[in-house]
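Undergrad: Input structure: start04.cif, which contains mmCIF, N, CA and C atoms.
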```cif
data_work
loop_
_atom_site.label_atom_id
_atom_site.label_comp_id
_atom_site.auth_asym_id
_atom_site.auth_seq_id
_atom_site.Cartn_x
_atom_site.Cartn_y
_atom_site.Cartn_z
N MET A 80 142.00 107.90 106.01
CA MET A 80 141.73 108.29 104.64
C MET A 80 140.56 109.27 104.64
N ASN A 81 140.71 110.34 103.93
CA ASN A 81 139.67 111.36 103.85
C ASN A 81 138.64 110.97 102.80
N ARG A 82 137.41 110.71 103.25
CA ARG A 82 136.37 110.26 102.33
C ARG A 82 135.42 111.39 101.93
N ARG A 83 135.73 112.62 102.35
CA ARG A 83 134.86 113.73 101.94
C ARG A 83 134.95 113.91 100.43
N ARG A 84 133.81 114.21 99.85
CA ARG A 84 133.77 114.41 98.40
C ARG A 84 133.76 115.89 98.10
N ARG A 85 134.49 116.26 97.12
CA ARG A 85 134.48 117.66 96.70
C ARG A 85 133.25 117.89 95.85
N TRP A 86 132.58 119.01 96.10
CA TRP A 86 131.40 119.32 95.31
C TRP A 86 131.76 120.00 94.01
N ILE A 87 133.00 120.43 93.89
CA ILE A 87 133.49 120.97 92.61
C ILE A 87 134.67 120.11 92.20
N SER A 88 134.63 119.62 90.98
CA SER A 88 135.74 118.78 90.53
C SER A 88 136.96 119.65 90.28
N GLY A 89 138.07 119.01 90.09
CA GLY A 89 139.34 119.72 89.85
C GLY A 89 139.28 120.59 88.61
N PRO A 90 140.30 121.44 88.43
CA PRO A 90 140.28 122.35 87.30
C PRO A 90 140.34 121.61 85.97
N HIS A 91 139.54 122.07 85.04
CA HIS A 91 139.51 121.49 83.70
C HIS A 91 139.51 122.63 82.70
N ARG A 92 140.15 122.45 81.61
CA ARG A 92 140.15 123.44 80.54
C ARG A 92 139.01 123.11 79.58
N VAL A 93 138.28 124.14 79.21
CA VAL A 93 137.22 123.99 78.22
C VAL A 93 137.70 124.65 76.95
N ASN A 94 137.73 123.92 75.87
CA ASN A 94 138.19 124.47 74.60
C ASN A 94 137.05 125.23 73.94
N THR A 95 137.16 126.55 73.93
CA THR A 95 136.12 127.38 73.33
C THR A 95 136.49 127.84 71.93
N GLY A 96 137.75 127.59 71.53
CA GLY A 96 138.20 128.07 70.24
C GLY A 96 138.56 129.54 70.27
N MET A 97 138.49 130.17 71.44
CA MET A 97 138.80 131.58 71.57
C MET A 97 140.25 131.76 71.97
N SER A 98 140.80 132.92 71.71
CA SER A 98 142.17 133.24 72.04
C SER A 98 142.38 133.18 73.55
N THR A 99 143.53 132.68 73.96
CA THR A 99 143.86 132.64 75.38
C THR A 99 144.65 133.87 75.79
N ASN A 100 144.86 134.83 74.86
CA ASN A 100 145.61 136.05 75.16
C ASN A 100 144.77 137.07 75.91
N SER A 101 143.47 136.90 75.96
CA SER A 101 142.59 137.85 76.65
C SER A 101 142.59 137.56 78.14
N ARG A 102 142.52 138.63 78.93
CA ARG A 102 142.48 138.45 80.38
C ARG A 102 141.04 138.15 80.81
N PRO A 103 140.89 137.37 81.87
CA PRO A 103 139.54 137.10 82.38
C PRO A 103 138.89 138.40 82.85
N ARG A 104 137.61 138.53 82.65
CA ARG A 104 136.87 139.72 83.08
C ARG A 104 136.41 139.52 84.51
N ARG A 105 136.46 140.58 85.30
CA ARG A 105 136.14 140.45 86.72
C ARG A 105 134.72 140.91 87.03
N VAL A 106 134.14 140.28 88.02
CA VAL A 106 132.84 140.70 88.53
C VAL A 106 133.08 141.97 89.33
N VAL A 107 132.30 143.02 89.05
CA VAL A 107 132.49 144.30 89.72
C VAL A 107 131.29 144.68 90.60
N HIS A 108 130.19 143.96 90.46
CA HIS A 108 128.98 144.32 91.20
C HIS A 108 128.05 143.11 91.20
N LEU A 109 127.36 142.87 92.30
CA LEU A 109 126.33 141.83 92.36
C LEU A 109 125.02 142.49 92.72
N GLU A 110 123.98 142.13 92.00
CA GLU A 110 122.67 142.75 92.22
C GLU A 110 121.65 141.65 92.46
N LEU A 111 120.96 141.75 93.59
CA LEU A 111 119.90 140.78 93.89
C LEU A 111 118.58 141.34 93.39
N HIS A 112 117.90 140.59 92.54
CA HIS A 112 116.55 140.93 92.09
C HIS A 112 115.59 140.10 92.91
N THR A 113 114.65 140.76 93.57
CA THR A 113 113.77 140.07 94.51
C THR A 113 112.38 140.71 94.51
N PRO A 114 111.35 139.94 94.85
CA PRO A 114 110.02 140.54 94.98
C PRO A 114 109.84 141.31 96.29
N ASP A 115 110.79 141.19 97.25
CA ASP A 115 110.65 141.87 98.54
C ASP A 115 112.01 142.42 98.99
N ARG A 116 112.32 143.63 98.56
CA ARG A 116 113.60 144.27 98.83
C ARG A 116 113.84 144.44 100.33
N THR A 117 112.83 144.86 101.07
CA THR A 117 112.98 145.12 102.50
C THR A 117 113.33 143.84 103.25
N ALA A 118 112.62 142.77 102.99
CA ALA A 118 112.88 141.50 103.66
C ALA A 118 114.27 140.96 103.28
N ALA A 119 114.65 141.09 102.02
CA ALA A 119 115.96 140.62 101.59
C ALA A 119 117.07 141.41 102.27
N GLY A 120 116.91 142.74 102.35
CA GLY A 120 117.90 143.57 103.02
C GLY A 120 118.05 143.21 104.49
N ALA A 121 116.93 142.97 105.16
CA ALA A 121 116.96 142.58 106.57
C ALA A 121 117.62 141.21 106.76
N PHE A 122 117.35 140.28 105.86
CA PHE A 122 117.95 138.95 105.93
C PHE A 122 119.46 139.03 105.86
N TYR A 123 119.98 139.74 104.84
CA TYR A 123 121.43 139.82 104.66
C TYR A 123 122.10 140.67 105.74
N ALA A 124 121.41 141.66 106.26
CA ALA A 124 121.96 142.45 107.38
C ALA A 124 122.12 141.55 108.61
N GLY A 125 121.11 140.74 108.88
CA GLY A 125 121.16 139.85 110.03
C GLY A 125 122.14 138.70 109.86
N LEU A 126 122.22 138.15 108.67
CA LEU A 126 123.08 136.99 108.42
C LEU A 126 124.53 137.36 108.20
N LEU A 127 124.78 138.37 107.36
CA LEU A 127 126.15 138.67 106.92
C LEU A 127 126.64 140.04 107.32
N HIS A 128 125.83 140.77 108.08
CA HIS A 128 126.17 142.12 108.54
C HIS A 128 126.35 143.12 107.39
N TRP A 129 125.72 142.85 106.25
CA TRP A 129 125.71 143.84 105.18
C TRP A 129 124.79 144.96 105.63
N GLN A 130 125.18 146.19 105.43
CA GLN A 130 124.39 147.33 105.85
C GLN A 130 123.77 148.01 104.63
N PRO A 131 122.53 147.66 104.30
CA PRO A 131 121.88 148.25 103.13
C PRO A 131 121.67 149.75 103.32
N GLU A 132 121.88 150.50 102.24
CA GLU A 132 121.68 151.94 102.22
C GLU A 132 120.72 152.27 101.08
N LEU A 133 119.64 152.96 101.39
CA LEU A 133 118.66 153.31 100.37
C LEU A 133 119.24 154.37 99.44
N ILE A 134 119.20 154.09 98.15
CA ILE A 134 119.67 155.02 97.12
C ILE A 134 118.49 155.37 96.23
N GLU A 135 118.22 156.65 96.09
CA GLU A 135 117.17 157.12 95.18
C GLU A 135 117.81 157.41 93.83
N ALA A 136 117.23 156.88 92.78
CA ALA A 136 117.74 157.07 91.43
C ALA A 136 116.61 157.59 90.54
N ARG A 137 116.97 158.03 89.37
CA ARG A 137 116.01 158.56 88.41
C ARG A 137 114.92 157.53 88.08
N CYS A 138 115.31 156.28 87.98
CA CYS A 138 114.36 155.23 87.59
C CYS A 138 113.75 154.50 88.78
N GLY A 139 114.00 154.96 89.99
CA GLY A 139 113.45 154.30 91.18
C GLY A 139 114.47 154.31 92.29
N SER A 140 114.37 153.35 93.17
CA SER A 140 115.31 153.27 94.29
C SER A 140 115.75 151.82 94.46
N TYR A 141 116.88 151.67 95.16
CA TYR A 141 117.38 150.33 95.47
C TYR A 141 118.20 150.41 96.74
N LEU A 142 118.53 149.26 97.28
CA LEU A 142 119.38 149.19 98.46
C LEU A 142 120.80 148.87 98.02
N ALA A 143 121.74 149.73 98.33
CA ALA A 143 123.14 149.48 98.02
C ALA A 143 123.78 148.79 99.22
N CYS A 144 124.71 147.88 98.97
CA CYS A 144 125.40 147.15 100.03
C CYS A 144 126.87 147.00 99.67
N GLU A 145 127.74 147.16 100.65
CA GLU A 145 129.15 146.82 100.48
C GLU A 145 129.27 145.35 100.84
N LEU A 146 129.74 144.52 99.90
CA LEU A 146 129.75 143.07 100.11
C LEU A 146 131.09 142.55 100.62
N GLY A 147 132.06 143.44 100.81
CA GLY A 147 133.38 143.04 101.27
C GLY A 147 134.37 143.00 100.13
N SER A 148 135.63 143.18 100.46
CA SER A 148 136.73 143.17 99.49
C SER A 148 136.50 144.14 98.34
N GLY A 149 135.83 145.26 98.63
CA GLY A 149 135.62 146.28 97.60
C GLY A 149 134.55 145.95 96.58
N LEU A 150 133.85 144.85 96.76
CA LEU A 150 132.79 144.47 95.82
C LEU A 150 131.49 145.12 96.25
N GLY A 151 130.91 145.89 95.37
CA GLY A 151 129.64 146.53 95.67
C GLY A 151 128.48 145.66 95.24
N GLY A 152 127.33 145.96 95.82
CA GLY A 152 126.14 145.20 95.47
C GLY A 152 124.90 146.03 95.67
N GLY A 153 123.79 145.48 95.26
CA GLY A 153 122.53 146.16 95.43
C GLY A 153 121.39 145.18 95.48
N ILE A 154 120.29 145.64 96.03
CA ILE A 154 119.07 144.83 96.10
C ILE A 154 117.98 145.61 95.40
N VAL A 155 117.40 145.01 94.37
CA VAL A 155 116.40 145.66 93.54
C VAL A 155 115.08 144.91 93.68
N GLU A 156 114.00 145.62 93.92
CA GLU A 156 112.69 144.99 93.96
C GLU A 156 112.10 145.03 92.57
N CYS A 157 111.66 143.87 92.11
CA CYS A 157 111.07 143.78 90.77
C CYS A 157 110.09 142.61 90.73
N GLY A 158 109.52 142.36 89.59
CA GLY A 158 108.48 141.34 89.45
C GLY A 158 108.99 139.93 89.27
N THR A 159 110.22 139.65 89.65
CA THR A 159 110.74 138.29 89.51
C THR A 159 109.95 137.32 90.40
N ARG A 160 109.79 136.10 89.94
CA ARG A 160 109.05 135.10 90.72
C ARG A 160 109.83 134.63 91.94
N ARG A 161 111.14 134.56 91.79
CA ARG A 161 111.99 134.17 92.91
C ARG A 161 113.27 134.98 92.84
N PRO A 162 113.90 135.21 93.98
CA PRO A 162 115.11 136.02 93.99
C PRO A 162 116.22 135.40 93.14
N LEU A 163 116.98 136.25 92.47
CA LEU A 163 118.13 135.78 91.71
C LEU A 163 119.22 136.83 91.75
N TRP A 164 120.46 136.35 91.76
CA TRP A 164 121.62 137.23 91.76
C TRP A 164 122.07 137.46 90.33
N LEU A 165 122.33 138.73 90.00
CA LEU A 165 122.80 139.11 88.67
C LEU A 165 124.20 139.69 88.81
N PRO A 166 125.23 138.97 88.33
CA PRO A 166 126.59 139.52 88.40
C PRO A 166 126.81 140.52 87.26
N TYR A 167 127.51 141.61 87.58
CA TYR A 167 127.93 142.60 86.59
C TYR A 167 129.41 142.36 86.34
N VAL A 168 129.79 142.21 85.07
CA VAL A 168 131.16 141.95 84.70
C VAL A 168 131.66 143.11 83.84
N GLU A 169 132.81 143.66 84.20
CA GLU A 169 133.36 144.80 83.47
C GLU A 169 133.93 144.37 82.13
N VAL A 170 133.57 145.12 81.09
CA VAL A 170 134.06 144.89 79.73
C VAL A 170 134.59 146.21 79.16
N ASP A 171 135.40 146.11 78.11
CA ASP A 171 135.96 147.32 77.50
C ASP A 171 135.02 147.94 76.47
N HIS A 172 134.30 147.10 75.74
CA HIS A 172 133.45 147.59 74.64
C HIS A 172 132.07 146.93 74.75
N ILE A 173 131.12 147.64 75.36
CA ILE A 173 129.80 147.07 75.66
C ILE A 173 129.07 146.58 74.42
N GLU A 174 129.12 147.36 73.35
CA GLU A 174 128.42 146.97 72.11
C GLU A 174 129.00 145.67 71.55
N GLU A 175 130.32 145.57 71.50
CA GLU A 175 130.98 144.38 70.96
C GLU A 175 130.68 143.14 71.81
N LYS A 176 130.78 143.28 73.13
CA LYS A 176 130.56 142.12 74.00
C LYS A 176 129.09 141.68 73.98
N THR A 177 128.18 142.64 73.88
CA THR A 177 126.76 142.28 73.79
C THR A 177 126.51 141.51 72.50
N GLU A 178 127.09 141.97 71.41
CA GLU A 178 126.93 141.28 70.13
C GLU A 178 127.61 139.91 70.18
N CYS A 179 128.76 139.81 70.83
CA CYS A 179 129.44 138.53 70.98
C CYS A 179 128.54 137.53 71.73
N ALA A 180 127.89 138.00 72.79
CA ALA A 180 126.96 137.13 73.54
C ALA A 180 125.84 136.65 72.63
N ARG A 181 125.32 137.57 71.81
CA ARG A 181 124.24 137.20 70.88
C ARG A 181 124.74 136.13 69.91
N GLN A 182 125.96 136.29 69.40
CA GLN A 182 126.53 135.33 68.46
C GLN A 182 126.76 133.96 69.11
N LEU A 183 126.99 133.97 70.41
CA LEU A 183 127.18 132.72 71.15
C LEU A 183 125.85 132.07 71.56
N GLY A 184 124.74 132.68 71.16
CA GLY A 184 123.42 132.08 71.40
C GLY A 184 122.60 132.72 72.51
N ALA A 185 123.11 133.78 73.12
CA ALA A 185 122.36 134.43 74.21
C ALA A 185 121.25 135.32 73.66
N ARG A 186 120.22 135.49 74.47
CA ARG A 186 119.20 136.50 74.21
C ARG A 186 119.64 137.78 74.90
N VAL A 187 119.43 138.90 74.25
CA VAL A 187 119.75 140.18 74.88
C VAL A 187 118.49 140.67 75.57
N LEU A 188 118.51 140.68 76.90
CA LEU A 188 117.35 141.11 77.68
C LEU A 188 117.31 142.62 77.81
N LEU A 189 118.48 143.26 77.80
CA LEU A 189 118.57 144.71 77.87
C LEU A 189 119.69 145.14 76.93
N GLU A 190 119.33 145.85 75.88
CA GLU A 190 120.34 146.37 74.95
C GLU A 190 121.21 147.37 75.70
N PRO A 191 122.44 147.60 75.24
CA PRO A 191 123.31 148.55 75.93
C PRO A 191 122.60 149.87 76.19
N ARG A 192 122.68 150.31 77.46
CA ARG A 192 121.99 151.51 77.90
C ARG A 192 122.94 152.33 78.76
N GLU A 193 122.96 153.62 78.53
CA GLU A 193 123.83 154.52 79.29
C GLU A 193 123.18 154.92 80.60
N GLY A 194 123.99 154.95 81.64
CA GLY A 194 123.58 155.45 82.95
C GLY A 194 124.58 156.49 83.40
N PRO A 195 124.42 157.00 84.61
CA PRO A 195 125.31 158.06 85.09
C PRO A 195 126.79 157.66 85.15
N ALA A 196 127.08 156.40 85.43
CA ALA A 196 128.47 155.98 85.63
C ALA A 196 129.01 155.11 84.50
N GLY A 197 128.16 154.73 83.55
CA GLY A 197 128.62 153.87 82.47
C GLY A 197 127.47 153.27 81.70
N TRP A 198 127.78 152.21 80.94
CA TRP A 198 126.79 151.54 80.11
C TRP A 198 126.64 150.10 80.60
N ARG A 199 125.43 149.57 80.46
CA ARG A 199 125.20 148.18 80.83
C ARG A 199 124.29 147.54 79.81
N SER A 200 124.39 146.22 79.73
CA SER A 200 123.45 145.40 78.99
C SER A 200 123.26 144.13 79.80
N VAL A 201 122.19 143.40 79.52
CA VAL A 201 121.94 142.14 80.23
C VAL A 201 121.65 141.08 79.17
N VAL A 202 122.34 139.95 79.30
CA VAL A 202 122.16 138.85 78.36
C VAL A 202 121.80 137.59 79.13
N SER A 203 121.16 136.66 78.44
CA SER A 203 120.74 135.41 79.07
C SER A 203 120.95 134.26 78.10
N ALA A 204 121.59 133.22 78.59
CA ALA A 204 121.78 132.00 77.81
C ALA A 204 121.18 130.84 78.60
N ALA A 205 120.44 129.99 77.94
CA ALA A 205 119.74 128.90 78.61
C ALA A 205 120.69 128.05 79.46
N GLU A 206 121.88 127.81 78.97
CA GLU A 206 122.82 126.95 79.69
C GLU A 206 123.74 127.71 80.64
N ALA A 207 123.67 129.04 80.64
CA ALA A 207 124.61 129.83 81.43
C ALA A 207 123.95 130.84 82.36
N GLY A 208 122.67 131.06 82.23
CA GLY A 208 121.98 132.03 83.08
C GLY A 208 122.11 133.45 82.57
N GLU A 209 121.83 134.40 83.47
CA GLU A 209 121.86 135.82 83.11
C GLU A 209 123.12 136.47 83.64
N ILE A 210 123.61 137.44 82.88
CA ILE A 210 124.78 138.21 83.29
C ILE A 210 124.64 139.62 82.73
N ALA A 211 125.09 140.59 83.52
CA ALA A 211 125.10 141.98 83.07
C ALA A 211 126.51 142.33 82.63
N LEU A 212 126.61 143.00 81.51
CA LEU A 212 127.90 143.49 81.02
C LEU A 212 127.96 144.97 81.36
N TRP A 213 129.11 145.43 81.86
CA TRP A 213 129.25 146.79 82.38
C TRP A 213 130.49 147.46 81.81
N GLN A 214 130.32 148.61 81.18
CA GLN A 214 131.44 149.41 80.71
C GLN A 214 131.41 150.76 81.43
N PRO A 215 132.37 150.98 82.35
CA PRO A 215 132.36 152.25 83.09
C PRO A 215 132.79 153.41 82.20
N LYS A 216 132.35 154.59 82.57
CA LYS A 216 132.81 155.81 81.90
C LYS A 216 134.22 156.08 82.40
N ARG A 217 135.08 156.48 81.55
CA ARG A 217 136.48 156.74 81.93
C ARG A 217 136.74 158.23 81.92
#
```
Using structure tokens, write down the structure from this file.
TA:
Amino acid sequence: MNRRRRWISGPHRVNTGMSTNSRPRRVVHLELHTPDRTAAGAFYAGLLHWQPELIEARCGSYLACELGSGLGGGIVECGTRRPLWLPYVEVDHIEEKTECARQLGARVLLEPREGPAGWRSVVSAAEAGEIALWQPKR
């Protein structure tokens, strides 16, 4: 008899009252926020063979990484107390989704902002953590 315990319980449906006709949104980018970008890049290069590449941007620089299966990522140095991963999820309408997050009780940490490849916002909910919403330019 297998006595191993699963750390994730079986699938359960959560009734949110929202339409089930919408497709799930996919994570398109993962960004590590850390107080030490160089050390984090070296750690992941040694552990997972991610090859960080320094990218210079208008607002500073970061380390870009290919995380496998076409998922891109980056390592950003900032004043966070401890490292945290910020998933970017693609949405169709950044303004609407940011407002929807606000209506669901999230704080908007970054209002929708345009960048070279699209728009992003960052929201935070006490029970759900932080997530970035991303609308690419088409």
Undergrad: Please indicate the distance in Å from CA of Pro162 in chain A to CA of Val202 in chain A, rounded to one decimal place.
TA: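 These two atoms are separated by 17.4 Å.
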Undergrad: Run DSSP on the backbone and give me the residues of range 105-186 of chain A it puts in helix (DSSP H, G or I), as a ChimeraX atom specification.
TA: /A:116-127,173-182
Undergrad: For Ala205 in chain A, which of A:Leu109, A:Leu163, A:Ala185, A:Glu193 is the closest residue, counting all atoms listed in the file?
TA: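 The shortest atom-to-atom distance to Ala205 in chain A comes from A:Ala185.
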Undergrad: Pick out the closest residue to Cys144 in chain A from this set: A:Val187, A:Val170, A:Leu111, A:Cys179. Count only C-alpha atoms.
TA: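 Under the stated criterion, the closest residue is A:Leu111.
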Undergrad: Once DSSP has gone over the backbone, tell me which residues of range 85-213 of chain A are in strand (DSSP E or B), as a ChimeraX atom specification.
TA: /A:106-113,132-136,139-145,151-156,163-169,186-193,197-204,208-213
Undergrad: Please evaluate the PyMOL selection byres (((chain A and resi 186 and name CA) around 10) and name CA) against the displayed coordinates and give the resulting residues as a PDB file with N, CA and C atoms, in the coordinates of the input.
TA:
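The resulting file, expr-v8.pdb, is shown below:
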```pdb
ATOM      1  N   THR A 177     128.180 142.640  73.880  1.00  0.00           N
ATOM      2  CA  THR A 177     126.760 142.280  73.790  1.00  0.00           C
ATOM      3  C   THR A 177     126.510 141.510  72.500  1.00  0.00           C
ATOM      4  N   GLU A 178     127.090 141.970  71.410  1.00  0.00           N
ATOM      5  CA  GLU A 178     126.930 141.280  70.130  1.00  0.00           C
ATOM      6  C   GLU A 178     127.610 139.910  70.180  1.00  0.00           C
ATOM      7  N   ALA A 180     127.890 138.000  72.790  1.00  0.00           N
ATOM      8  CA  ALA A 180     126.960 137.130  73.540  1.00  0.00           C
ATOM      9  C   ALA A 180     125.840 136.650  72.630  1.00  0.00           C
ATOM     10  N   ARG A 181     125.320 137.570  71.810  1.00  0.00           N
ATOM     11  CA  ARG A 181     124.240 137.200  70.880  1.00  0.00           C
ATOM     12  C   ARG A 181     124.740 136.130  69.910  1.00  0.00           C
ATOM     13  N   GLN A 182     125.960 136.290  69.400  1.00  0.00           N
ATOM     14  CA  GLN A 182     126.530 135.330  68.460  1.00  0.00           C
ATOM     15  C   GLN A 182     126.760 133.960  69.110  1.00  0.00           C
ATOM     16  N   LEU A 183     126.990 133.970  70.410  1.00  0.00           N
ATOM     17  CA  LEU A 183     127.180 132.720  71.150  1.00  0.00           C
ATOM     18  C   LEU A 183     125.850 132.070  71.560  1.00  0.00           C
ATOM     19  N   GLY A 184     124.740 132.680  71.160  1.00  0.00           N
ATOM     20  CA  GLY A 184     123.420 132.080  71.400  1.00  0.00           C
ATOM     21  C   GLY A 184     122.600 132.720  72.510  1.00  0.00           C
ATOM     22  N   ALA A 185     123.110 133.780  73.120  1.00  0.00           N
ATOM     23  CA  ALA A 185     122.360 134.430  74.210  1.00  0.00           C
ATOM     24  C   ALA A 185     121.250 135.320  73.660  1.00  0.00           C
ATOM     25  N   VAL A 187     119.430 138.900  74.250  1.00  0.00           N
ATOM     26  CA  VAL A 187     119.750 140.180  74.880  1.00  0.00           C
ATOM     27  C   VAL A 187     118.490 140.670  75.570  1.00  0.00           C
ATOM     28  N   LEU A 188     118.510 140.680  76.900  1.00  0.00           N
ATOM     29  CA  LEU A 188     117.350 141.110  77.680  1.00  0.00           C
ATOM     30  C   LEU A 188     117.310 142.620  77.810  1.00  0.00           C
ATOM     31  N   LEU A 189     118.480 143.260  77.800  1.00  0.00           N
ATOM     32  CA  LEU A 189     118.570 144.710  77.870  1.00  0.00           C
ATOM     33  C   LEU A 189     119.690 145.140  76.930  1.00  0.00           C
ATOM     34  N   GLU A 190     119.330 145.850  75.880  1.00  0.00           N
ATOM     35  CA  GLU A 190     120.340 146.370  74.950  1.00  0.00           C
ATOM     36  C   GLU A 190     121.210 147.370  75.700  1.00  0.00           C
ATOM     37  N   VAL A 201     122.190 143.400  79.520  1.00  0.00           N
ATOM     38  CA  VAL A 201     121.940 142.140  80.230  1.00  0.00           C
ATOM     39  C   VAL A 201     121.650 141.080  79.170  1.00  0.00           C
ATOM     40  N   VAL A 202     122.340 139.950  79.300  1.00  0.00           N
ATOM     41  CA  VAL A 202     122.160 138.850  78.360  1.00  0.00           C
ATOM     42  C   VAL A 202     121.800 137.590  79.130  1.00  0.00           C
ATOM     43  N   SER A 203     121.160 136.660  78.440  1.00  0.00           N
ATOM     44  CA  SER A 203     120.740 135.410  79.070  1.00  0.00           C
ATOM     45  C   SER A 203     120.950 134.260  78.100  1.00  0.00           C
ATOM     46  N   ALA A 204     121.590 133.220  78.590  1.00  0.00           N
ATOM     47  CA  ALA A 204     121.780 132.000  77.810  1.00  0.00           C
ATOM     48  C   ALA A 204     121.180 130.840  78.600  1.00  0.00           C
ATOM     49  N   ALA A 205     120.440 129.990  77.940  1.00  0.00           N
ATOM     50  CA  ALA A 205     119.740 128.900  78.610  1.00  0.00           C
ATOM     51  C   ALA A 205     120.690 128.050  79.460  1.00  0.00           C
ATOM     52  N   GLU A 209     121.830 134.400  83.470  1.00  0.00           N
ATOM     53  CA  GLU A 209     121.860 135.820  83.110  1.00  0.00           C
ATOM     54  C   GLU A 209     123.120 136.470  83.640  1.00  0.00           C
TER      55      GLU A 209
END
```
Undergrad: Hey, which of A:Thr113, A:Lys216, A:Phe122, A:Ala196 ends up closest to Val155 in chain A? Count all atoms listed in the file.
TA: A:Thr113
Undergrad: Rank A:Glu175, A:Glu169, A:Tyr123, A:Gly194 by their smallest atom-to-atom distance to Pro103 in chain A, using only C-alpha atoms, and report the top residue only.
TA: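 Once distances to Pro103 in chain A are computed over only C-alpha atoms, the minimum belongs to A:Glu169.
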Undergrad: Check the smallest atom-to-atom distance from each of A:Leu142, A:Ala136, A:Val107, A:Val168 to Gly120 in chain A using only C-alpha atoms, then report the winner.
TA: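 Residue with the minimum atom-to-atom distance to Gly120 in chain A: A:Leu142.
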Undergrad: May I have the residues within 7 Å of Trp213 in chain A as a list in words, using only N, CA and C atoms and disregarding those fewer than 2 positions away in the same chain?
TA: Tyr167, Val168, Glu169, Val170, Asp171, Ile173, Gly197, Trp198, Arg199, Ser200, Ala211 and Pro215 of chain A
Undergrad: If I take CA of Leu126 in chain A and CA of Arg160 in chain A, how far is one from the other in Å, to one decimal?
TA: 22.7 Å
Undergrad: How would range 122-135 of chain A look written as a PDB file, in the first residue's frame with N, CA, C and O atoms?
TA:
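And here's out34.pdb as it stands now:
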```
ATOM      1  N   PHE A 122      23.419  31.501  -8.889  1.00  0.00           N
ATOM      2  CA  PHE A 122      22.751  30.359  -8.261  1.00  0.00           C
ATOM      3  C   PHE A 122      21.961  29.560  -9.288  1.00  0.00           C
ATOM      4  O   PHE A 122      22.108  28.342  -9.400  1.00  0.00           O
ATOM      5  N   TYR A 123      21.120  30.251 -10.074  1.00  0.00           N
ATOM      6  CA  TYR A 123      20.280  29.550 -11.040  1.00  0.00           C
ATOM      7  C   TYR A 123      21.092  29.004 -12.217  1.00  0.00           C
ATOM      8  O   TYR A 123      20.743  27.966 -12.776  1.00  0.00           O
ATOM      9  N   ALA A 124      22.169  29.658 -12.582  1.00  0.00           N
ATOM     10  CA  ALA A 124      23.050  29.122 -13.636  1.00  0.00           C
ATOM     11  C   ALA A 124      23.676  27.808 -13.160  1.00  0.00           C
ATOM     12  O   ALA A 124      23.726  26.827 -13.905  1.00  0.00           O
ATOM     13  N   GLY A 125      24.134  27.788 -11.914  1.00  0.00           N
ATOM     14  CA  GLY A 125      24.747  26.579 -11.374  1.00  0.00           C
ATOM     15  C   GLY A 125      23.753  25.463 -11.115  1.00  0.00           C
ATOM     16  O   GLY A 125      24.046  24.293 -11.352  1.00  0.00           O
ATOM     17  N   LEU A 126      22.576  25.808 -10.638  1.00  0.00           N
ATOM     18  CA  LEU A 126      21.577  24.796 -10.273  1.00  0.00           C
ATOM     19  C   LEU A 126      20.794  24.286 -11.474  1.00  0.00           C
ATOM     20  O   LEU A 126      20.607  23.081 -11.642  1.00  0.00           O
ATOM     21  N   LEU A 127      20.317  25.195 -12.325  1.00  0.00           N
ATOM     22  CA  LEU A 127      19.381  24.822 -13.388  1.00  0.00           C
ATOM     23  C   LEU A 127      19.905  25.067 -14.793  1.00  0.00           C
ATOM     24  O   LEU A 127      19.164  24.909 -15.761  1.00  0.00           O
ATOM     25  N   HIS A 128      21.155  25.507 -14.888  1.00  0.00           N
ATOM     26  CA  HIS A 128      21.791  25.790 -16.183  1.00  0.00           C
ATOM     27  C   HIS A 128      21.105  26.918 -16.953  1.00  0.00           C
ATOM     28  O   HIS A 128      21.180  26.950 -18.177  1.00  0.00           O
ATOM     29  N   TRP A 129      20.406  27.802 -16.248  1.00  0.00           N
ATOM     30  CA  TRP A 129      19.872  28.992 -16.900  1.00  0.00           C
ATOM     31  C   TRP A 129      21.054  29.898 -17.205  1.00  0.00           C
ATOM     32  O   TRP A 129      21.941  30.068 -16.369  1.00  0.00           O
ATOM     33  N   GLN A 130      21.096  30.474 -18.370  1.00  0.00           N
ATOM     34  CA  GLN A 130      22.196  31.330 -18.777  1.00  0.00           C
ATOM     35  C   GLN A 130      21.737  32.785 -18.785  1.00  0.00           C
ATOM     36  O   GLN A 130      21.159  33.251 -19.763  1.00  0.00           O
ATOM     37  N   PRO A 131      21.973  33.507 -17.700  1.00  0.00           N
ATOM     38  CA  PRO A 131      21.541  34.905 -17.626  1.00  0.00           C
ATOM     39  C   PRO A 131      22.283  35.762 -18.657  1.00  0.00           C
ATOM     40  O   PRO A 131      23.476  35.579 -18.895  1.00  0.00           O
ATOM     41  N   GLU A 132      21.551  36.684 -19.263  1.00  0.00           N
ATOM     42  CA  GLU A 132      22.106  37.624 -20.234  1.00  0.00           C
ATOM     43  C   GLU A 132      21.768  39.039 -19.771  1.00  0.00           C
ATOM     44  O   GLU A 132      20.596  39.356 -19.546  1.00  0.00           O
ATOM     45  N   LEU A 133      22.777  39.878 -19.629  1.00  0.00           N
ATOM     46  CA  LEU A 133      22.557  41.250 -19.177  1.00  0.00           C
ATOM     47  C   LEU A 133      21.861  42.044 -20.274  1.00  0.00           C
ATOM     48  O   LEU A 133      22.323  42.090 -21.412  1.00  0.00           O
ATOM     49  N   ILE A 134      20.751  42.669 -19.922  1.00  0.00           N
ATOM     50  CA  ILE A 134      19.985  43.514 -20.842  1.00  0.00           C
ATOM     51  C   ILE A 134      19.971  44.923 -20.274  1.00  0.00           C
ATOM     52  O   ILE A 134      19.579  45.131 -19.126  1.00  0.00           O
ATOM     53  N   GLU A 135      20.401  45.877 -21.064  1.00  0.00           N
ATOM     54  CA  GLU A 135      20.343  47.289 -20.669  1.00  0.00           C
ATOM     55  C   GLU A 135      19.031  47.873 -21.175  1.00  0.00           C
ATOM     56  O   GLU A 135      18.683  47.704 -22.346  1.00  0.00           O
TER      57      GLU A 135
END
```
